[in-house]
>>> print(open('model.txt').read())   # compact mmCIF, C-alpha atoms
# COMPACT_ATOMS: atom_id res chain seq x y z
CA MET A 1 27.20 74.19 -113.58
CA LYS A 2 27.58 74.91 -109.87
CA HIS A 3 28.99 71.43 -109.27
CA LEU A 4 31.43 71.85 -112.13
CA LYS A 5 32.75 75.08 -110.58
CA ILE A 6 33.25 73.33 -107.24
CA LEU A 7 35.08 70.47 -108.91
CA LEU A 8 37.32 72.86 -110.81
CA LEU A 9 38.02 74.81 -107.62
CA MET A 10 38.93 71.60 -105.75
CA ALA A 11 41.12 70.43 -108.60
CA GLY A 12 42.91 73.76 -108.53
CA LEU A 13 43.47 73.63 -104.78
CA ALA A 14 44.60 70.03 -104.62
CA PRO A 15 48.19 70.55 -105.82
CA ALA A 16 48.65 73.43 -103.38
CA VAL A 17 47.42 71.35 -100.46
CA ALA A 18 49.67 68.47 -101.50
CA ALA A 19 52.69 70.79 -101.74
CA HIS A 20 52.15 72.07 -98.21
CA ALA A 21 51.43 68.63 -96.79
CA ALA A 22 55.07 67.63 -97.01
CA THR A 23 55.84 68.60 -93.43
CA ILE A 24 55.70 66.04 -90.64
CA GLU A 25 55.42 67.37 -87.10
CA MET A 26 56.23 65.08 -84.19
CA THR A 27 55.75 65.65 -80.48
CA VAL A 28 58.71 64.14 -78.66
CA ASN A 29 59.49 63.41 -75.01
CA GLY A 30 62.97 63.92 -73.55
CA LEU A 31 64.05 66.98 -75.53
CA VAL A 32 66.05 69.00 -73.02
CA CYS A 33 69.25 70.19 -74.68
CA GLY A 34 70.90 71.14 -77.93
CA PHE A 35 72.77 67.84 -78.05
CA CYS A 36 69.38 66.08 -78.26
CA ALA A 37 68.52 68.11 -81.33
CA GLN A 38 71.88 67.42 -82.91
CA GLY A 39 71.48 63.65 -82.65
CA ILE A 40 67.91 63.67 -83.94
CA GLU A 41 68.78 65.89 -86.90
CA LYS A 42 71.73 63.68 -87.77
CA THR A 43 69.53 60.57 -87.77
CA LEU A 44 66.63 62.06 -89.74
CA ARG A 45 68.85 63.64 -92.39
CA ARG A 46 70.09 60.15 -93.25
CA ASN A 47 66.65 59.36 -94.69
CA ALA A 48 66.58 59.94 -98.46
CA ALA A 49 63.11 61.53 -98.24
CA THR A 50 64.24 64.25 -95.80
CA GLU A 51 64.60 67.77 -97.15
CA ASP A 52 65.15 69.61 -93.86
CA VAL A 53 64.74 69.13 -90.12
CA PHE A 54 63.83 71.53 -87.34
CA VAL A 55 63.83 70.82 -83.60
CA SER A 56 62.23 73.04 -80.97
CA LEU A 57 62.97 72.22 -77.35
CA GLU A 58 60.36 74.70 -76.13
CA HIS A 59 57.57 73.11 -78.16
CA ARG A 60 58.83 69.49 -77.81
CA LEU A 61 58.66 69.48 -81.58
CA VAL A 62 60.62 67.69 -84.29
CA ALA A 63 59.53 68.81 -87.77
CA VAL A 64 60.65 67.13 -90.97
CA ALA A 65 60.19 68.67 -94.41
CA THR A 66 60.15 65.92 -96.99
CA LYS A 67 61.25 66.13 -100.59
CA PRO A 68 58.53 66.63 -103.28
CA ASP A 69 56.31 63.58 -103.68
CA ALA A 70 58.09 61.83 -100.81
CA ASP A 71 56.88 60.68 -97.41
CA ILE A 72 58.32 58.86 -94.44
CA PRO A 73 56.09 56.21 -92.83
CA ASP A 74 55.12 56.76 -89.20
CA GLU A 75 56.82 53.56 -88.08
CA THR A 76 60.08 54.66 -89.74
CA LEU A 77 59.87 58.00 -87.93
CA ARG A 78 59.14 56.38 -84.58
CA GLU A 79 62.03 53.97 -85.08
CA ALA A 80 64.40 56.80 -86.05
CA LEU A 81 63.53 58.76 -82.91
CA ARG A 82 63.67 55.62 -80.77
CA ASP A 83 67.12 54.82 -82.19
CA SER A 84 68.15 58.38 -81.31
CA GLY A 85 67.05 57.79 -77.72
CA TYR A 86 63.73 59.67 -77.66
CA ASP A 87 60.02 58.82 -77.58
CA VAL A 88 57.49 60.08 -80.11
CA THR A 89 54.07 60.72 -78.60
CA ALA A 90 52.27 62.14 -81.68
CA ILE A 91 52.80 62.46 -85.44
CA GLU A 92 50.90 64.90 -87.60
CA ARG A 93 51.20 65.87 -91.27
CA THR A 94 50.48 69.54 -91.65
CA GLY A 95 50.35 72.24 -94.28
CA ARG A 96 52.81 74.46 -92.44
CA SER A 97 56.16 75.03 -94.07
CA LEU A 98 59.33 74.62 -92.04
CA ALA A 99 59.91 78.38 -92.35
CA GLU A 100 56.52 79.03 -90.76
CA ILE A 101 57.25 76.54 -87.98
CA ARG A 102 60.65 78.14 -87.32
CA ALA A 103 59.09 81.60 -87.22
CA GLY A 104 56.39 80.40 -84.85
CA ALA A 105 58.91 78.79 -82.53
CA ALA A 106 61.10 81.89 -82.55
CA ALA A 107 58.19 84.12 -81.49
CA LYS A 108 58.58 84.22 -77.70
CA PRO A 109 55.32 84.28 -75.73
CA MET B 110 92.09 41.22 -49.52
CA TRP B 111 88.58 41.37 -48.09
CA LYS B 112 88.96 45.09 -47.62
CA SER B 113 90.00 45.49 -51.24
CA CYS B 114 87.12 43.33 -52.47
CA GLY B 115 84.75 45.37 -50.31
CA ARG B 116 85.87 48.59 -51.96
CA LYS B 117 85.42 47.06 -55.41
CA ALA B 118 81.97 45.75 -54.53
CA CYS B 119 80.97 49.15 -53.17
CA ALA B 120 82.18 50.85 -56.31
CA LEU B 121 80.33 48.44 -58.58
CA ALA B 122 77.21 48.84 -56.49
CA LEU B 123 77.53 52.60 -56.69
CA ALA B 124 77.87 52.30 -60.45
CA ALA B 125 74.48 50.68 -60.58
CA LEU B 126 72.83 53.27 -58.38
CA PRO B 127 71.46 56.58 -59.54
CA LEU B 128 74.67 58.50 -59.88
CA ALA B 129 75.03 61.55 -62.03
CA ALA B 130 77.54 63.58 -63.91
CA ALA B 131 78.02 66.43 -66.27
CA ALA B 132 79.16 65.24 -69.65
CA LYS B 133 77.59 62.05 -70.93
CA PRO B 134 79.82 59.24 -72.23
CA ILE B 135 77.27 58.64 -75.01
CA ALA B 136 76.04 61.75 -76.79
CA PHE B 137 73.88 60.31 -79.59
CA ALA B 138 73.83 57.48 -82.13
CA HIS B 139 76.62 57.65 -84.71
CA GLY B 140 78.19 60.48 -82.75
CA THR B 141 81.75 61.02 -81.60
CA THR B 142 82.48 62.71 -78.29
CA VAL B 143 85.83 64.27 -77.45
CA MET B 144 86.37 65.81 -74.04
CA ALA B 145 89.16 67.13 -71.87
CA GLU B 146 89.03 68.06 -68.20
CA TYR B 147 91.44 69.87 -65.95
CA GLY B 148 90.53 69.08 -62.37
CA ALA B 149 92.22 71.65 -60.15
CA GLY B 150 95.66 70.05 -60.45
CA THR B 151 94.57 66.74 -58.90
CA MET B 152 93.23 65.14 -62.07
CA THR B 153 93.57 65.76 -65.78
CA GLU B 154 91.66 63.59 -68.23
CA VAL B 155 91.10 63.36 -71.97
CA GLN B 156 88.59 60.98 -73.56
CA ALA B 157 87.27 60.11 -77.02
CA PHE B 158 84.27 57.86 -77.63
CA TYR B 159 82.31 56.75 -80.67
CA ALA B 160 78.68 55.68 -80.24
CA PRO B 161 77.26 53.28 -82.88
CA SER B 162 73.99 53.47 -80.92
CA TYR B 163 72.58 55.75 -78.23
CA ARG B 164 72.81 52.68 -75.98
CA TYR B 165 76.58 52.21 -76.01
CA SER B 166 79.91 53.72 -77.00
CA PHE B 167 83.55 52.72 -76.94
CA GLY B 168 86.83 54.53 -76.99
CA GLY B 169 89.72 55.43 -74.78
CA GLY B 170 91.25 57.99 -72.55
CA HIS B 171 94.15 59.12 -70.45
CA LEU B 172 93.90 60.08 -66.79
CA ALA B 173 96.66 61.77 -64.84
CA LEU B 174 96.31 61.84 -61.05
CA ASP B 175 98.58 63.92 -58.82
CA SER B 176 98.11 63.80 -55.07
CA GLU B 177 97.55 67.05 -53.18
CA ILE B 178 98.83 65.28 -50.06
CA ASP B 179 102.10 63.60 -51.07
CA ASP B 180 104.15 62.61 -54.13
CA ARG B 181 101.70 59.98 -55.43
CA SER B 182 101.07 60.25 -59.16
CA ARG B 183 99.50 57.97 -61.76
CA ASP B 184 99.27 58.12 -65.52
CA ILE B 185 96.54 55.77 -66.68
CA THR B 186 95.81 55.06 -70.34
CA TYR B 187 92.69 52.98 -70.92
CA LEU B 188 90.17 51.54 -73.34
CA ARG B 189 86.58 51.80 -72.16
CA PHE B 190 83.08 50.56 -73.02
CA ASN B 191 80.09 52.70 -71.95
CA VAL B 192 76.48 51.56 -71.76
CA LEU B 193 73.18 53.30 -71.13
CA PRO B 194 71.07 50.66 -69.35
CA LYS B 195 68.20 53.02 -68.59
CA ARG B 196 66.80 56.30 -69.89
CA TRP B 197 63.60 58.04 -68.86
CA ASN B 198 62.14 60.42 -71.44
CA LEU B 199 59.58 62.67 -69.78
CA PRO B 200 57.61 65.49 -71.44
CA THR B 201 60.00 68.17 -70.17
CA ALA B 202 62.83 66.21 -68.59
CA GLN B 203 65.24 63.37 -69.14
CA ALA B 204 67.09 61.07 -66.74
CA ASN B 205 69.82 58.56 -67.50
CA VAL B 206 71.81 55.79 -65.87
CA PHE B 207 75.20 55.12 -67.45
CA ALA B 208 77.77 52.47 -66.56
CA TRP B 209 81.22 51.73 -67.93
CA GLY B 210 84.27 49.59 -67.57
CA GLY B 211 87.65 49.21 -69.16
CA VAL B 212 91.26 48.14 -68.95
CA GLY B 213 94.58 49.80 -69.52
CA ARG B 214 98.10 50.50 -68.33
CA ALA B 215 99.10 52.70 -65.44
CA HIS B 216 102.45 54.30 -64.73
CA VAL B 217 102.99 54.67 -60.99
CA GLY B 218 105.06 57.79 -60.39
CA GLU B 219 106.58 57.00 -57.01
CA THR B 220 107.86 53.54 -58.08
CA GLY B 221 108.42 54.21 -61.76
CA GLU B 222 106.70 50.94 -62.65
CA ASP B 223 103.95 50.19 -65.15
CA GLU B 224 100.96 48.16 -64.02
CA PHE B 225 97.87 46.58 -65.54
CA ALA B 226 94.88 48.69 -64.51
CA TRP B 227 91.12 48.44 -64.81
CA ASN B 228 88.33 50.89 -64.29
CA ALA B 229 84.60 50.86 -63.66
CA GLY B 230 82.07 53.53 -62.97
CA GLY B 231 78.62 54.89 -63.37
CA GLN B 232 76.57 58.00 -63.46
CA PHE B 233 73.01 59.16 -62.97
CA ASP B 234 71.73 62.44 -64.28
CA TYR B 235 68.43 64.26 -64.34
CA GLU B 236 67.86 67.41 -66.31
CA THR B 237 65.20 69.76 -67.48
CA ARG B 238 65.95 72.89 -69.47
CA ARG B 239 66.38 74.81 -66.19
CA VAL B 240 67.61 72.31 -63.60
CA TYR B 241 70.42 69.78 -63.68
CA ALA B 242 71.69 67.19 -61.21
CA SER B 243 74.22 64.46 -61.65
CA LEU B 244 76.22 62.01 -59.57
CA ARG B 245 79.15 60.10 -60.93
CA THR B 246 81.64 57.58 -59.58
CA ASP B 247 84.79 56.44 -61.33
CA LEU B 248 87.02 53.70 -59.91
CA HIS B 249 90.59 53.06 -61.09
CA GLU B 250 92.39 50.02 -59.75
CA SER B 251 95.72 48.25 -60.11
CA SER B 252 97.87 46.11 -57.84
CA ALA B 253 99.61 49.31 -56.76
CA PHE B 254 96.65 51.64 -56.15
CA SER B 255 92.92 52.07 -55.79
CA HIS B 256 91.34 55.44 -56.47
CA ARG B 257 87.69 56.33 -56.67
CA ILE B 258 86.56 59.75 -57.82
CA ASP B 259 83.00 60.70 -56.83
CA THR B 260 81.50 63.83 -58.35
CA LEU B 261 78.19 65.53 -57.59
CA GLN B 262 76.97 68.41 -59.75
CA LEU B 263 73.91 70.59 -59.26
CA GLY B 264 73.08 73.26 -61.78
CA PHE B 265 70.44 75.74 -62.84
CA ALA B 266 69.96 77.76 -65.99
CA PRO B 267 68.82 81.39 -65.81
CA TYR B 268 66.69 80.84 -68.93
CA ALA B 269 65.47 77.86 -70.97
CA HIS B 270 67.54 77.77 -74.13
CA GLU B 271 66.22 76.85 -77.57
CA THR B 272 68.00 74.52 -80.01
CA ASN B 273 70.37 76.98 -81.63
CA GLU B 274 70.73 79.35 -78.70
CA LEU B 275 73.61 79.57 -76.26
CA ALA B 276 72.85 77.58 -73.11
CA VAL B 277 74.12 79.08 -69.86
CA TRP B 278 74.33 77.10 -66.65
CA PHE B 279 75.57 77.86 -63.13
CA VAL B 280 76.90 74.65 -61.58
CA VAL B 281 78.16 73.71 -58.13
CA GLN B 282 80.43 70.68 -58.08
CA ALA B 283 81.53 68.61 -55.08
CA ARG B 284 84.20 65.97 -55.57
CA GLU B 285 85.97 63.46 -53.36
CA PHE B 286 89.00 61.30 -54.11
CA THR B 287 90.02 58.11 -52.32
CA GLY B 288 93.50 56.60 -52.07
CA GLY B 289 95.37 59.60 -50.72
CA LEU B 290 94.84 62.01 -53.58
CA TYR B 291 92.93 64.74 -51.76
CA ASP B 292 91.87 65.29 -48.19
CA GLY B 293 88.21 66.21 -47.79
CA THR B 294 85.66 67.45 -50.31
CA GLU B 295 86.72 69.68 -53.16
CA VAL B 296 83.98 72.16 -54.05
CA ALA B 297 83.94 74.23 -57.24
CA ALA B 298 81.64 76.89 -58.69
CA LEU B 299 81.40 76.59 -62.46
CA LEU B 300 79.98 78.49 -65.40
CA ARG B 301 78.90 76.13 -68.19
CA LEU B 302 78.19 77.27 -71.73
CA PHE B 303 77.14 75.16 -74.67
CA LYS B 304 75.77 75.68 -78.11
CA ARG B 305 75.15 73.06 -80.79
CA ASN B 306 78.09 70.66 -80.59
CA ALA B 307 80.46 72.59 -78.32
CA TRP B 308 80.52 72.70 -74.53
CA ILE B 309 82.87 74.57 -72.25
CA GLU B 310 82.82 75.04 -68.50
CA ALA B 311 85.22 76.69 -66.13
CA GLY B 312 85.36 77.83 -62.54
CA LEU B 313 87.30 77.83 -59.32
CA THR B 314 87.55 75.49 -56.36
CA GLN B 315 87.45 76.63 -52.74
CA ASP B 316 91.26 76.58 -52.92
CA GLY B 317 91.18 79.05 -55.82
CA LYS B 318 92.31 76.46 -58.35
CA LEU B 319 91.04 76.17 -61.90
CA GLN B 320 88.43 73.52 -62.73
CA ALA B 321 87.61 73.36 -66.45
CA MET B 322 86.23 71.11 -69.15
CA VAL B 323 85.69 71.26 -72.91
CA MET B 324 83.65 68.81 -74.96
CA PHE B 325 82.72 68.46 -78.61
CA ASN B 326 80.15 66.16 -80.18
CA PHE B 327 80.12 65.54 -83.91
>>> encode(input="model.txt", output="structure tokens")
Amino acid sequence: MKHLKILLLMAGLAPAVAAHAATIEMTVNGLVCGFCAQGIEKTLRRNAATEDVFVSLEHRLVAVATKPDADIPDETLREALRDSGYDVTAIERTGRSLAEIRAGAAAKP
Amino acid sequence: MWKSCGRKACALALAALPLAAAAKPIAFAHGTTVMAEYGAGTMTEVQAFYAPSYRYSFGGGHLALDSEIDDRSRDITYLRFNVLPKRWNLPTAQANVFAWGGVGRAHVGETGEDEFAWNAGGQFDYETRRVYASLRTDLHESSAFSHRIDTLQLGFAPYAHETNELAVWFVVQAREFTGGLYDGTEVAALLRLFKRNAWIEAGLTQDGKLQAMVMFNF
């Protein structure tokens, strides 16, 4: 009975986790000006799986929200940033929404 | 002849060295850059470039040169190809080496004749979100003239701007012209503002003349 409850709980949580996992956060070298962000956004928005893009110069961060049930392979992301003229040093899929990331970036230390 | 070739060789060598400048001739892949500069009455230039890749762009421009010393004037219309042979992406900084070359027609004011003209140049820049340095050289040649414009810019930002915030920079510019256009070094203090795809800078030279530039990327 206890195991059944755990399974039901996990099954209930799974869709929520999947829904929040549609944000890809990349750490990028070379982000120094607004023009950098403009070029990166333009490139990433060309991908059919992209819902929205956010770039933070302060946090060296490029975040991509993907459309439901869509993903962008790491190599495609690295190539997109390389073709924009920048270097990706890390890629992470997180449960943070783009709104949360924007709010976090806007909060000055 | 040898003297002329020496100048050309020097200019080409300078183009390959770490030179720097303000606006970049390649903004980003699939981007179009339009810029116009008013250089204190000695030079006025408009340019438009399209970049299929962040590595190169092509386009054209018009450069008007009016000597501060005598009645020399040139109106040069050109097609140009820009390349980015080297970029360094650091965690909090970026540095670039650009080079370019092109051909066009020049109207020589004092003779009234039109000449074939070519140009070559280069630029090196280094920037963080608070510090900026660039050096640029631009050579324009024809059978009737040879002018090189060397520009050094050093800038600092009072705060580190974020993506959608207004960027404010204080810039000091030093510029020299060869070929009898200006005697000495022209120094200007500039205020540069940019946000998203628009850039504007303006200031005064030591002679009290306006130095200004606008640029749009889209």
>>> atom_distance(input="model.txt", atom1="atom CA of B:Arg257", atom2="atom CA of B:Leu313")
21.7 Å
>>> closest_atom_pairs(input="model.txt", of="chain B", to="chain A", cutoff="7 Å", atoms="all atoms listed in the file", output="tab-separated table")
residue	atom	partner	partner_atom	distance
B:Phe137	CA	A:Gly39	CA	5.1
B:Ala138	CA	A:Ser84	CA	5.8
B:Tyr163	CA	A:Gly85	CA	5.9
B:Asn198	CA	A:Gly30	CA	4.2
B:Leu199	CA	A:Gly30	CA	5.2
B:Pro200	CA	A:Asn29	CA	4.5
B:Thr201	CA	A:Gly30	CA	6.2
B:Ala202	CA	A:Gly30	CA	5.5
B:Gln203	CA	A:Gly30	CA	5.0
B:Thr237	CA	A:Val32	CA	5.7
B:Arg238	CA	A:Val32	CA	5.3
B:Glu271	CA	A:Leu57	CA	5.7
B:Thr272	CA	A:Gly34	CA	4.9
B:Asn273	CA	A:Gly34	CA	6.9
B:Lys304	CA	A:Gly34	CA	6.7
B:Arg305	CA	A:Gly34	CA	5.5
B:Asn306	CA	A:Phe35	CA	6.5
>>> residues_near_point(input="model.txt", point="(51.8, 60.7, -103.4)", cutoff="10 Å", atoms="all atoms listed in the file", output="ChimeraX atom specification")
/A:18,22,68-71
>>> atom_distance(input="model.txt", atom1="atom CA of A:Thr66", atom2="atom CA of B:Ala136")
26.0 Å
>>> residues_near_point(input="model.txt", point="(87.8, 49.6, -64.6)", cutoff="8 Å", atoms="only C-alpha atoms", output="PyMOL selection string")
chain B and resi 189+209-212+226-230+248-250
>>> atom_distance(input="model.txt", atom1="atom CA of B:Asn191", atom2="atom CA of B:Ile135")
7.3 Å
>>> closest_residue(input="model.txt", among="A:Leu44, A:Ala107, A:Ala90, A:Ala99", to="A:Leu61", atoms="only C-alpha atoms")
A:Ala90
>>> closest_residue(input="model.txt", among="A:Val53, A:Leu81, A:Glu41, A:Ala65", to="B:Gly140", atoms="all atoms listed in the file")
A:Glu41
>>> build_atoms(input="model.txt", residues="stretch 54-72 of chain A", atoms="N, CA and C atoms", output="compact mmCIF listing (two decimals), in the coordinates of the input")
# COMPACT_ATOMS: atom_id res chain seq x y z
N PHE A 54 63.82 70.47 -88.34
CA PHE A 54 63.83 71.53 -87.34
C PHE A 54 63.41 70.94 -86.00
N VAL A 55 64.14 71.30 -84.95
CA VAL A 55 63.83 70.82 -83.60
C VAL A 55 63.61 72.01 -82.68
N SER A 56 62.50 72.01 -81.98
CA SER A 56 62.23 73.04 -80.97
C SER A 56 62.11 72.39 -79.61
N LEU A 57 63.01 72.77 -78.71
CA LEU A 57 62.97 72.22 -77.35
C LEU A 57 61.74 72.76 -76.62
N GLU A 58 61.47 74.04 -76.82
CA GLU A 58 60.36 74.70 -76.13
C GLU A 58 59.03 74.02 -76.45
N HIS A 59 58.85 73.67 -77.72
CA HIS A 59 57.57 73.11 -78.16
C HIS A 59 57.59 71.58 -78.22
N ARG A 60 58.68 70.95 -77.76
CA ARG A 60 58.83 69.49 -77.81
C ARG A 60 58.56 68.98 -79.21
N LEU A 61 59.03 69.71 -80.19
CA LEU A 61 58.66 69.48 -81.58
C LEU A 61 59.86 69.06 -82.43
N VAL A 62 59.66 68.03 -83.24
CA VAL A 62 60.62 67.69 -84.29
C VAL A 62 59.84 67.74 -85.61
N ALA A 63 60.24 68.63 -86.49
CA ALA A 63 59.53 68.81 -87.77
C ALA A 63 60.45 68.38 -88.91
N VAL A 64 59.89 67.61 -89.82
CA VAL A 64 60.65 67.13 -90.97
C VAL A 64 59.96 67.60 -92.25
N ALA A 65 60.69 68.32 -93.08
CA ALA A 65 60.19 68.67 -94.41
C ALA A 65 60.69 67.60 -95.36
N THR A 66 59.74 66.99 -96.07
CA THR A 66 60.15 65.92 -96.99
C THR A 66 60.31 66.48 -98.40
N LYS A 67 61.04 65.73 -99.20
CA LYS A 67 61.25 66.13 -100.59
C LYS A 67 59.93 65.99 -101.36
N PRO A 68 59.78 66.69 -102.52
CA PRO A 68 58.53 66.63 -103.28
C PRO A 68 58.15 65.19 -103.60
N ASP A 69 56.87 64.91 -103.40
CA ASP A 69 56.31 63.58 -103.68
C ASP A 69 56.94 62.47 -102.83
N ALA A 70 57.49 62.84 -101.70
CA ALA A 70 58.09 61.83 -100.81
C ALA A 70 57.41 61.87 -99.45
N ASP A 71 57.44 60.75 -98.76
CA ASP A 71 56.88 60.68 -97.41
C ASP A 71 57.74 59.71 -96.60
N ILE A 72 57.63 59.81 -95.32
CA ILE A 72 58.32 58.86 -94.44
C ILE A 72 57.24 58.20 -93.58
